[in-house]
Each structure stands twice: as C-alpha cells, then as structure tokens.
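Enquirer: Structure below; questions to follow.
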Amino acid sequence: MKKVVRATAIAGAAALALAACGQAPDENGNTSGNGGGTGTETASNFQACMVTDAGGVDDRSFNASAWKGLQDAEKELGVKAKYVESNSETDYAPNVQQMVADDCGIIVTVGFLLGDATKAAAEANPDEKFAIVDFQYEQPVKNISPLIFDTAQAAFLAGYVAADTTKTGTVATFGGINIPTVSIFMDGFVDGVAYYNQAKGKQVKVLGWDKAKQNGSFTGDFNDQNKGKNLTNTFIQQGADIVMPVAGPVGLGAAAAAQEAGDVMIIGVDSDWYESAPQYKSIVLTSVVKEIDNSVLDVTKSAAEDKFTNEPYVGTLENEGVSIAGFGDFESQVSPSLQQEVDDLKAKIISGEVKVESPSSPKS
Amino acid sequence: MSVTTDRIPEKTPDAPGEPTSATRRRGWAGDVLITVLSIVLALVVGAVLIAVADPRVQETASYFFARPLDMLQAAGSSVANAYAALFKGAIFDYGAETTTAAIRPITESLVFASPLVVAGLAVGLAFRAGLFNIGAEGQIILGAIGAAYVGFAWELPLVVHMVLALVAAMLLGGLWAGIAGFLKARTGAHEVITTIMLNYIARFLLAFLLSTTAFQRPGRNDPISPQVDSTAMLPQMLGSWSRLHLGLLVAIAAGFGVWWLLNRSTLGFKLRAVGANPFASRTAGIDVGWSTFAAMAIAGSLAGLAGAFQIIGTERSLTGGVSAGIGFDAITVALLGRGNPFGIVLAGFLFGALKAGGVTMQARTGTPIDLVFVVQSLIVLFIAAPPLVRAIFRIRAQGAGSMQVSKGWNA
C-alpha cells in the first residue's frame, strides 16, 4: 500500500514537472510541414517512389543522394515520396514490384545492379514510368529514363588534385564491385594522375586500378565496411597517403582506416563527404560529386507534370551534373596554385581540349 | 516399424532417451503454446519499436503530459498502420483494385518461403541427428552454383533440364555438407566450426567463379552469370502475374520426405538415435560415423535445393548475394519449427510472410525493414527461453516441456 502511495506521488510530481516542458500545439493544427506544402491538387496524389540497392538509403552516397532528390521533390512539388531498401540482389525484383503495386507516378531505381530488374518491370508494366540512376540500356526502353553521369571528368580532376597533394608519391583507389559506374571513377582518377605526371614530369603511382586491363582492387560488395578498412590498410602499408574509395558506404570503412593511420587523406565520392560524413571531415581532401539529387528531382518533376520522356540525362562538368568539391580543412595545405590549376583544367575538359575517355563513359 | 539390423531391438516405441509418448504429447501442446505466445510477444515488442521510431509519436511525446492522448493516438495509429501494411503485404491486400493484385502478396510470401522451408529442413534434420548445421548458407551457395551452371551452360530439353539442375544443386550442396560430416566422423572436428568455415569458402569460391570466363556473363565486368535457359526454369504455377513457382510444392514434398525419413525409415531411426545418444547408439551397433555423414549429406542436399530455387525459381542468374542470408534465417526457422518437419514448413511460411510483408510495410508506412528482422530474432529469443514466456503469461510448466532441439557444445 505504502509503495503504491509513494509511486503515485512520484508520478504526480513528475507529471507536474514535465507538464511545463512541452506545450501542445493548437488544435487547429498549425504545426509546420504537415500539409505537403504548395503542391497542386493533382500533384499531391502523385507518389514518387524509390528502390535502393544493397547500400541502403543512409549510405551517404548515391542512394542517400537520390533520396534527397525525392525529398526535395516532396517539398517543392508536393508529391509524396517513399522508398524501400534492398538487402541483397534477390530483393530487387520484389521491391520494384511492390512499387508498381503501389501506383507510383514514377519509380526511381538506384544503381547499375537494378538494371535487369527495372527493365523486366518496365516491360511488364508499359504504363508505369521509371528512372534508373547509373544504368544505360543498349536498347533504350520506352518508359525508362536513364540518369547517367560522366564521372570520369570529375574524377580526372580529383586524380590531378591527389597527385599534386600526395607526399609519398603514391595514391590509391578501390571499388565495391567492378561495374562501369564504379570503374569510370577509377579510370578518370588514374588518367588525372597520369596527366599530372606528364604535365609536371613527376612519377606519382596509383594503386588499385589498371585502366588498360580494366581490373583492380574491389571489396566485392557495397555494404561491408570492414573490407574497405582492410583494403585501405593494405594500401597505406604500400605507401599510399590518399585513397579514393568508390564503394558507397564501404568507403566509410576506408575513411575509418585513414583516420586511424593519421596522415592519410580520403577523396569522397558521389556526395561531398565533408558535409555528408562530418565525422571524417578532417581527412576529406575533396570529393567527386554526382548531382544525383538534381537529376532525380528533374525527372520526378517532368513525370508529375506529364512531360516524362525516356531521354537519358547525362551529367557532365559542363552542366554541373558532376563536379569536384572544395578542399575543406585542407584549403590552406594544398599548393596555393592548385585551385586555379583545377579550374583551368576543368575549362579545358569542358572545351574538349583535354579529352577524358573511359570505356564506361555514357554513350550518346 | 520393423528394423532389420539384428542388433537393434525389434520393437522400438521411442528412440532411446526420448520422453514417453504421453509426456511427449503434452510437451508438444506446450511447445505450440509457447511458440504462439513468443510470436505474440515479439509482435508486441515490435509494436513498441514501431511507435518509438515514428516521428509523429516523437513529436507528440514532447508534450505528453500536456495532452497525453495525442501521443497515444499517434502511437496507436502508427502501429496499426504498420501491422496492417505487414498483413496486406504478406497475406491479402484488401485495398487492391484487381483480384490478382489482392492475392499476389500471399503468393510472394510463398515464393520467399520455399527456399526457407527446404533450408530450414536442412538445419532441422541435422538437429535431430545431434548436429548443429550452421553451414546452410554455404550449401545454398553451392546448390546455386550447380543449378546455375547446368542451367546456362548445358542445352537440354524441357523437364530434363530442370530436373538435372535440381539434381546438380542437391549433389553439390550434399557434397559440401558431406565434407563437414566426413570431418566430424573421421577426425571428430566439430561441425559448427567446419560448417562456418565452409560458408566462407563457399562465398569466396562463388566470388572467384564469377570472375572466371566460365561463369561471368559475356560483356560484363561485374560478378554476374549468364541467365539460365528457360528450359531449366521451374514452371510458374499461376501465370506471369506471380512469381510463384513449382519450388513450393517441392518444398512441401521435402517436408513430408524428411518426416518420413526421420519417423518411418531405418536410416532416420539411426539418425535420431545417434542424435539422442551417440554412445548408446554405438553400443547398440549403429555406425555413428556413417550416420553423421549421411545426416550432413542429406541436410546439404536440402539446402542445395534452396539454392536451386533461388536460381531456377526466381533470380535466373548467379550473383554474389544469391544466398540472401537464407542459410542463417534457416537456423531460426528450424528452431521455431522445433526440429519437427511440419513445424519447420509452417515456420518457413511465417518467415516468408514476414519477409514479403516487410517490403510493403516499409513502402507504405516508412517503417524500416530492419524491424522485421528484429521481430524474427525476438521470436526465436523468446522460444529459446520458455521460462521467460511462461513467467510473463503466468503459465505453469507442463510435463517434460520443450523438446531439446540440439545438444551442447561437447555433445
């Protein structure tokens, strides 16, 4: 009995104390962000749906970037955005099917690996609209809009930056799986270093990728961060002091290894890691950025406004679909002329004076 | 049942060391009760997690003491919506426009369930023989490799092609598990260690094979095999709107097969006897080593079948992630089914339904799909601790209680 009284007293006191903490909003529902913004009547029923690959929506990489595009669409257009995550290759088909069943206005599938599943679903559902990030079909499919990026151009700049910044004369890159959308980064990176070596008469070495053989170091998946860590440690032992991991969230493992090593820098990919992975901002030299979010927002907009076409979107340095991020905390440590050199090189790539070629580049 | 080996007693009502049939029946009812209550408990804990993860609930919780009903309403509706979506995605989508769309979920559940059932049987059969088969994952991979190779490399007529792909999968899976069985029988190497290691070997063997010209799809750099020929595919049972394939019937048949093997055949009797007490079995004249090998080989061929379902049932091509963790889910399925073949079939259906429903739940309500794994794990956790469940629901322990599904480390 005593216990009950005491418990009631404590609960009552707690209630009084806590009641002061939180104030309930008005009954009218003046809370922000519930109504879906200024979307038009037709757009508000429009669902923009996304299927991730095995990296998951919080990969700080291209899944996260695509999801940001849909969230922007939610804010700007008043559409409803949603996603499902895939845990393995075997989830792709059922996940895409789920979105077809849910009457989505557009289904964005993220990643090269969803190519087969997306095509199968598109052919089975000719009235449904699809967009796929990072995959270009040899034969265009009439209801799939490919969102592709000539990342080699931006990675070329990153290679140049890395070659200029390295102290050991060795830089490294590795990938998750040897697919064109990964190796295109590595091609550009290797060529950027080679261009630097030629221009400056240096001998900077790149570990992890052989462009001629189109083969190199891969962790084998896009989710096991430990493998990225191990591989990065191997590179560090071989003298590399700048590593560019092209492996989605596996790259975070590389960043962890670099942070432990102390004097090793990371080049982020897909998004600007200085912002998207702030726990590693002190070691992020720069990032090769793909503006996936903008392309996703664009294609969602065109679908919502009934202007969808299957024309591929190709991101380049010129249309700012791909870019190189700033130097973050290393601004004061890189050579003073580097930013200018990068800008000049960028202009040369855009004008075609310097040609960046990769077997994986989007075919127009 | 009559046993022909002369050193085994002619009439054997129960295996050595097993409870008598009366206590077993009571124990069986108790098992079902505990299982059902464990599922309920897991769903309750899952509901709490759904509510906590919901942003609307978090928002209203900040002024809980000013207006508690807001939070309770938000929590209630988030849980109700999530579980309604789970049901719609797993069983019947009552809001769908067409009949096929409404019943597709149950067929999807069965598609996910088919490999889980056979892999669960692979683990459960080994349990009954006193072996902890952690290697279903590796055996599935080997089965998938076999089915895929036969499927895309050979050209054979309809039916023959499919049957050969299944046989190749069973042979390779059986062989892979047989290695662990052989090592245990000959050298006493513990099957937990060997099967776990064989999982790794299988995974990297698959990664290696997918980089060779024999397996890699022409024109691709990434680890993916060519698609298997349509002649090798398990036929779709309901037409093109559903992925449901013949594997479901094969899986159910396998359930009956394992039941028959364990309860009606001489070999099964020996397996159970060895599982219950290998020393007594040896004294009784059973070749323990051979039984161990046989149990693992049969288990492996069942897991191989799961690999075949993945390839010639749904995926069509071999990739690094073809096993999709089914081999590990299979352990929980076997535990949930208490090593009983029919229990395992039902447990496989439940897990298949959770898997299919989880996708819908995430798509429609934004509930993370990881929650489904939490619920699955909680179910098994509660089942592994019957006294906890009894204490929560204030049930008195009945008879012999739950059957021991596996033996300890030193068994």
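FYI, nothing fancy with the structure tokens labels: chains A, B, ... in order, residues from 1 per chain, ligands from 1 as they appear.
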Please run DSSP on the backbone and report, as number ranges by chain, all residues within range 211-301 of chain B that come out as alpha helix (DSSP H).
Expert: B: 247-264, 266-276, 278-283, 288-301
Enquirer: Can you build me a table of chain B residues sitting at most 7 Å from chain A, with the closest atom pair per residue and its distance in Å to one decimal, using only C-alpha atoms, sorted by chain and residue number, as a Markdown table?
Expert:
```
| residue | atom | partner | partner_atom | distance |
| --- | --- | --- | --- | --- |
| B:Ser62 | CA | A:Gly22 | CA | 5.4 |
| B:Tyr63 | CA | A:Gly22 | CA | 4.0 |
| B:Phe65 | CA | A:Ala19 | CA | 5.0 |
| B:Ala66 | CA | A:Ala19 | CA | 5.3 |
| B:Arg67 | CA | A:Ala24 | CA | 6.6 |
| B:Asn221 | CA | A:Asn178 | CA | 5.7 |
| B:Asp222 | CA | A:Asn178 | CA | 4.8 |
| B:Glu315 | CA | A:Thr90 | CA | 6.6 |
| B:Gly321 | CA | A:Ser88 | CA | 5.7 |
| B:Val322 | CA | A:Thr90 | CA | 6.4 |
| B:Ala324 | CA | A:Ser88 | CA | 5.8 |
| B:Val359 | CA | A:Val84 | CA | 6.6 |
| B:Thr360 | CA | A:Gln98 | CA | 6.6 |
| B:Gln362 | CA | A:Val84 | CA | 5.8 |
| B:Ala363 | CA | A:Val84 | CA | 5.3 |
```
Enquirer: Would you output that residue set with N, CA, C and O atoms, as an mmCIF file, in the first residue's frame?
Expert:
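Output (part.cif):
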```cif
data_model
loop_
_atom_site.group_PDB
_atom_site.id
_atom_site.type_symbol
_atom_site.label_atom_id
_atom_site.label_comp_id
_atom_site.auth_asym_id
_atom_site.auth_seq_id
_atom_site.Cartn_x
_atom_site.Cartn_y
_atom_site.Cartn_z
ATOM 1 N N SER B 62 6.753 14.956 -26.928
ATOM 2 C CA SER B 62 7.385 16.106 -26.277
ATOM 3 C C SER B 62 6.391 16.871 -25.417
ATOM 4 O O SER B 62 6.771 17.572 -24.501
ATOM 5 N N TYR B 63 5.118 16.753 -25.711
ATOM 6 C CA TYR B 63 4.131 17.388 -24.830
ATOM 7 C C TYR B 63 3.161 16.353 -24.273
ATOM 8 O O TYR B 63 1.973 16.599 -24.096
ATOM 9 N N PHE B 65 2.698 15.151 -21.353
ATOM 10 C CA PHE B 65 1.970 15.416 -20.120
ATOM 11 C C PHE B 65 0.955 16.540 -20.263
ATOM 12 O O PHE B 65 0.059 16.682 -19.459
ATOM 13 N N ALA B 66 1.106 17.333 -21.316
ATOM 14 C CA ALA B 66 0.110 18.369 -21.558
ATOM 15 C C ALA B 66 -1.129 17.757 -22.221
ATOM 16 O O ALA B 66 -2.258 18.096 -21.895
ATOM 17 N N ARG B 67 -0.911 16.847 -23.171
ATOM 18 C CA ARG B 67 -2.050 16.215 -23.827
ATOM 19 C C ARG B 67 -1.670 14.785 -24.213
ATOM 20 O O ARG B 67 -1.289 14.513 -25.361
ATOM 21 N N ASN B 221 31.687 -6.798 -66.605
ATOM 22 C CA ASN B 221 32.850 -6.894 -65.736
ATOM 23 C C ASN B 221 32.464 -7.324 -64.339
ATOM 24 O O ASN B 221 33.298 -7.738 -63.554
ATOM 25 N N ASP B 222 31.202 -7.136 -64.014
ATOM 26 C CA ASP B 222 30.782 -7.365 -62.633
ATOM 27 C C ASP B 222 30.419 -8.833 -62.432
ATOM 28 O O ASP B 222 30.163 -9.561 -63.388
ATOM 29 N N GLU B 315 15.622 -15.908 -59.562
ATOM 30 C CA GLU B 315 16.650 -14.951 -59.962
ATOM 31 C C GLU B 315 17.148 -15.114 -61.399
ATOM 32 O O GLU B 315 17.539 -14.151 -62.032
ATOM 33 N N GLY B 321 25.272 -12.266 -54.118
ATOM 34 C CA GLY B 321 24.349 -12.258 -52.985
ATOM 35 C C GLY B 321 23.204 -13.245 -53.137
ATOM 36 O O GLY B 321 22.159 -13.074 -52.527
ATOM 37 N N VAL B 322 23.419 -14.288 -53.930
ATOM 38 C CA VAL B 322 22.302 -15.177 -54.281
ATOM 39 C C VAL B 322 21.722 -15.877 -53.057
ATOM 40 O O VAL B 322 20.537 -16.180 -53.013
ATOM 41 N N ALA B 324 21.368 -14.649 -50.062
ATOM 42 C CA ALA B 324 20.493 -13.688 -49.385
ATOM 43 C C ALA B 324 20.287 -13.980 -47.902
ATOM 44 O O ALA B 324 19.247 -13.683 -47.344
ATOM 45 N N VAL B 359 8.435 -5.687 -46.866
ATOM 46 C CA VAL B 359 8.649 -4.790 -48.002
ATOM 47 C C VAL B 359 7.490 -3.793 -48.102
ATOM 48 O O VAL B 359 7.691 -2.582 -48.222
ATOM 49 N N THR B 360 6.276 -4.318 -48.020
ATOM 50 C CA THR B 360 5.100 -3.456 -48.106
ATOM 51 C C THR B 360 5.049 -2.489 -46.930
ATOM 52 O O THR B 360 4.723 -1.312 -47.089
ATOM 53 N N GLN B 362 7.498 -1.261 -45.282
ATOM 54 C CA GLN B 362 8.438 -0.164 -45.461
ATOM 55 C C GLN B 362 7.949 0.808 -46.529
ATOM 56 O O GLN B 362 8.014 2.020 -46.362
ATOM 57 N N ALA B 363 7.418 0.248 -47.627
ATOM 58 C CA ALA B 363 6.994 1.118 -48.720
ATOM 59 C C ALA B 363 5.816 1.999 -48.313
ATOM 60 O O ALA B 363 5.767 3.167 -48.649
#
```
Enquirer: Please return as a compact mmCIF listing (two decimals) with N, CA, C and O atoms, in the first residue's frame: the residues of range 64-237 of chain A that backbone DSSP assigns to strand (DSSP E or B).
Expert:
```
# COMPACT_ATOMS: atom_id res chain seq x y z
N LYS A 80 4.29 12.87 -52.95
CA LYS A 80 4.58 12.05 -51.78
C LYS A 80 5.76 11.13 -52.13
O LYS A 80 5.69 10.40 -53.12
N ALA A 81 6.81 11.20 -51.34
CA ALA A 81 8.00 10.40 -51.63
C ALA A 81 8.08 9.21 -50.69
O ALA A 81 7.74 9.32 -49.52
N LYS A 82 8.50 8.07 -51.21
CA LYS A 82 8.73 6.93 -50.33
C LYS A 82 9.74 5.98 -50.93
O LYS A 82 10.06 6.08 -52.12
N TYR A 83 10.27 5.09 -50.13
CA TYR A 83 11.31 4.19 -50.63
C TYR A 83 11.20 2.82 -49.99
O TYR A 83 10.57 2.66 -48.95
N VAL A 84 11.79 1.83 -50.64
CA VAL A 84 12.08 0.55 -49.97
C VAL A 84 13.56 0.25 -50.14
O VAL A 84 14.16 0.57 -51.16
N ILE A 106 6.13 7.76 -60.45
CA ILE A 106 7.43 7.44 -61.03
C ILE A 106 8.18 6.55 -60.05
O ILE A 106 8.05 6.70 -58.83
N ILE A 107 8.92 5.59 -60.61
CA ILE A 107 9.70 4.70 -59.78
C ILE A 107 11.17 4.91 -60.12
O ILE A 107 11.58 4.70 -61.26
N VAL A 108 11.92 5.39 -59.15
CA VAL A 108 13.35 5.62 -59.36
C VAL A 108 14.10 4.44 -58.76
O VAL A 108 13.99 4.16 -57.57
N THR A 109 14.83 3.72 -59.59
CA THR A 109 15.65 2.63 -59.07
C THR A 109 17.09 3.10 -59.07
O THR A 109 17.54 3.75 -60.00
N VAL A 110 17.79 2.79 -57.99
CA VAL A 110 19.09 3.39 -57.80
C VAL A 110 20.19 2.36 -57.99
O VAL A 110 20.35 1.45 -57.18
N PHE A 130 9.54 4.85 -65.23
CA PHE A 130 10.71 4.51 -64.43
C PHE A 130 11.86 5.46 -64.72
O PHE A 130 11.97 6.00 -65.83
N ALA A 131 12.72 5.65 -63.74
CA ALA A 131 14.01 6.29 -63.97
C ALA A 131 15.04 5.46 -63.25
O ALA A 131 14.78 4.98 -62.15
N ILE A 132 16.18 5.24 -63.88
CA ILE A 132 17.21 4.46 -63.20
C ILE A 132 18.50 5.27 -63.13
O ILE A 132 18.92 5.86 -64.11
N VAL A 133 19.04 5.31 -61.93
CA VAL A 133 20.30 6.03 -61.72
C VAL A 133 21.44 5.10 -62.14
O VAL A 133 21.47 3.94 -61.74
N ILE A 144 11.66 4.00 -69.53
CA ILE A 144 12.72 4.18 -68.53
C ILE A 144 13.60 5.35 -68.94
O ILE A 144 14.12 5.38 -70.05
N SER A 145 13.77 6.30 -68.03
CA SER A 145 14.68 7.40 -68.29
C SER A 145 15.98 7.16 -67.52
O SER A 145 15.97 7.16 -66.30
N PRO A 146 17.09 6.92 -68.22
CA PRO A 146 18.34 6.69 -67.51
C PRO A 146 18.96 8.00 -67.03
O PRO A 146 18.99 8.99 -67.75
N LEU A 147 19.42 8.01 -65.79
CA LEU A 147 20.11 9.18 -65.22
C LEU A 147 21.57 8.78 -65.07
O LEU A 147 21.93 8.02 -64.18
N ILE A 148 22.41 9.26 -66.01
CA ILE A 148 23.79 8.78 -66.02
C ILE A 148 24.77 9.95 -65.94
O ILE A 148 24.42 11.09 -66.24
N PHE A 149 25.98 9.64 -65.56
CA PHE A 149 26.94 10.68 -65.21
C PHE A 149 28.31 10.36 -65.79
O PHE A 149 28.79 9.24 -65.66
N THR A 170 52.46 8.19 -53.79
CA THR A 170 51.61 7.04 -54.07
C THR A 170 50.18 7.36 -53.65
O THR A 170 49.95 7.81 -52.52
N VAL A 171 49.24 7.16 -54.56
CA VAL A 171 47.83 7.32 -54.23
C VAL A 171 47.12 6.02 -54.60
O VAL A 171 47.69 5.19 -55.31
N ALA A 172 45.91 5.84 -54.10
CA ALA A 172 45.23 4.57 -54.34
C ALA A 172 43.74 4.78 -54.55
O ALA A 172 43.18 5.80 -54.13
N THR A 173 43.14 3.82 -55.22
CA THR A 173 41.69 3.82 -55.36
C THR A 173 41.23 2.37 -55.33
O THR A 173 41.98 1.47 -55.67
N PHE A 174 40.03 2.16 -54.88
CA PHE A 174 39.45 0.82 -55.00
C PHE A 174 37.95 0.94 -55.19
O PHE A 174 37.38 2.02 -54.99
N GLY A 175 37.33 -0.16 -55.60
CA GLY A 175 35.89 -0.12 -55.87
C GLY A 175 35.14 -1.15 -55.05
O GLY A 175 35.73 -1.98 -54.36
N LYS A 205 52.43 7.32 -58.40
CA LYS A 205 51.91 5.98 -58.67
C LYS A 205 50.47 5.86 -58.19
O LYS A 205 50.10 6.41 -57.17
N VAL A 206 49.65 5.08 -58.94
CA VAL A 206 48.29 4.80 -58.49
C VAL A 206 48.15 3.31 -58.21
O VAL A 206 48.44 2.49 -59.08
N LEU A 207 47.73 2.98 -57.01
CA LEU A 207 47.47 1.58 -56.68
C LEU A 207 45.98 1.30 -56.85
O LEU A 207 45.15 2.17 -56.69
N TRP A 209 44.08 0.15 -59.48
CA TRP A 209 43.31 0.10 -60.72
C TRP A 209 44.26 0.10 -61.92
O TRP A 209 45.17 0.94 -61.97
N ASP A 210 44.05 -0.83 -62.82
CA ASP A 210 44.80 -0.90 -64.06
C ASP A 210 43.83 -0.59 -65.18
O ASP A 210 42.97 -1.39 -65.53
N ASN A 215 40.94 -3.76 -64.60
CA ASN A 215 40.82 -4.61 -63.42
C ASN A 215 41.63 -4.01 -62.28
O ASN A 215 42.58 -3.26 -62.52
N GLY A 216 41.24 -4.32 -61.06
CA GLY A 216 41.94 -3.75 -59.92
C GLY A 216 41.41 -4.29 -58.62
O GLY A 216 40.95 -5.43 -58.55
N PHE A 218 38.85 -4.64 -55.58
CA PHE A 218 37.43 -4.49 -55.26
C PHE A 218 37.11 -5.24 -53.98
O PHE A 218 37.68 -6.29 -53.72
```
Enquirer: Which residues, written as a ChimeraX atom specification, have at least one atom at most 8 Å from Thr181 in chain A, with only C-alpha atoms counted and residues fewer than 3 positions away on the same chain left out?
Expert: /A:112,134-135,184-185,360
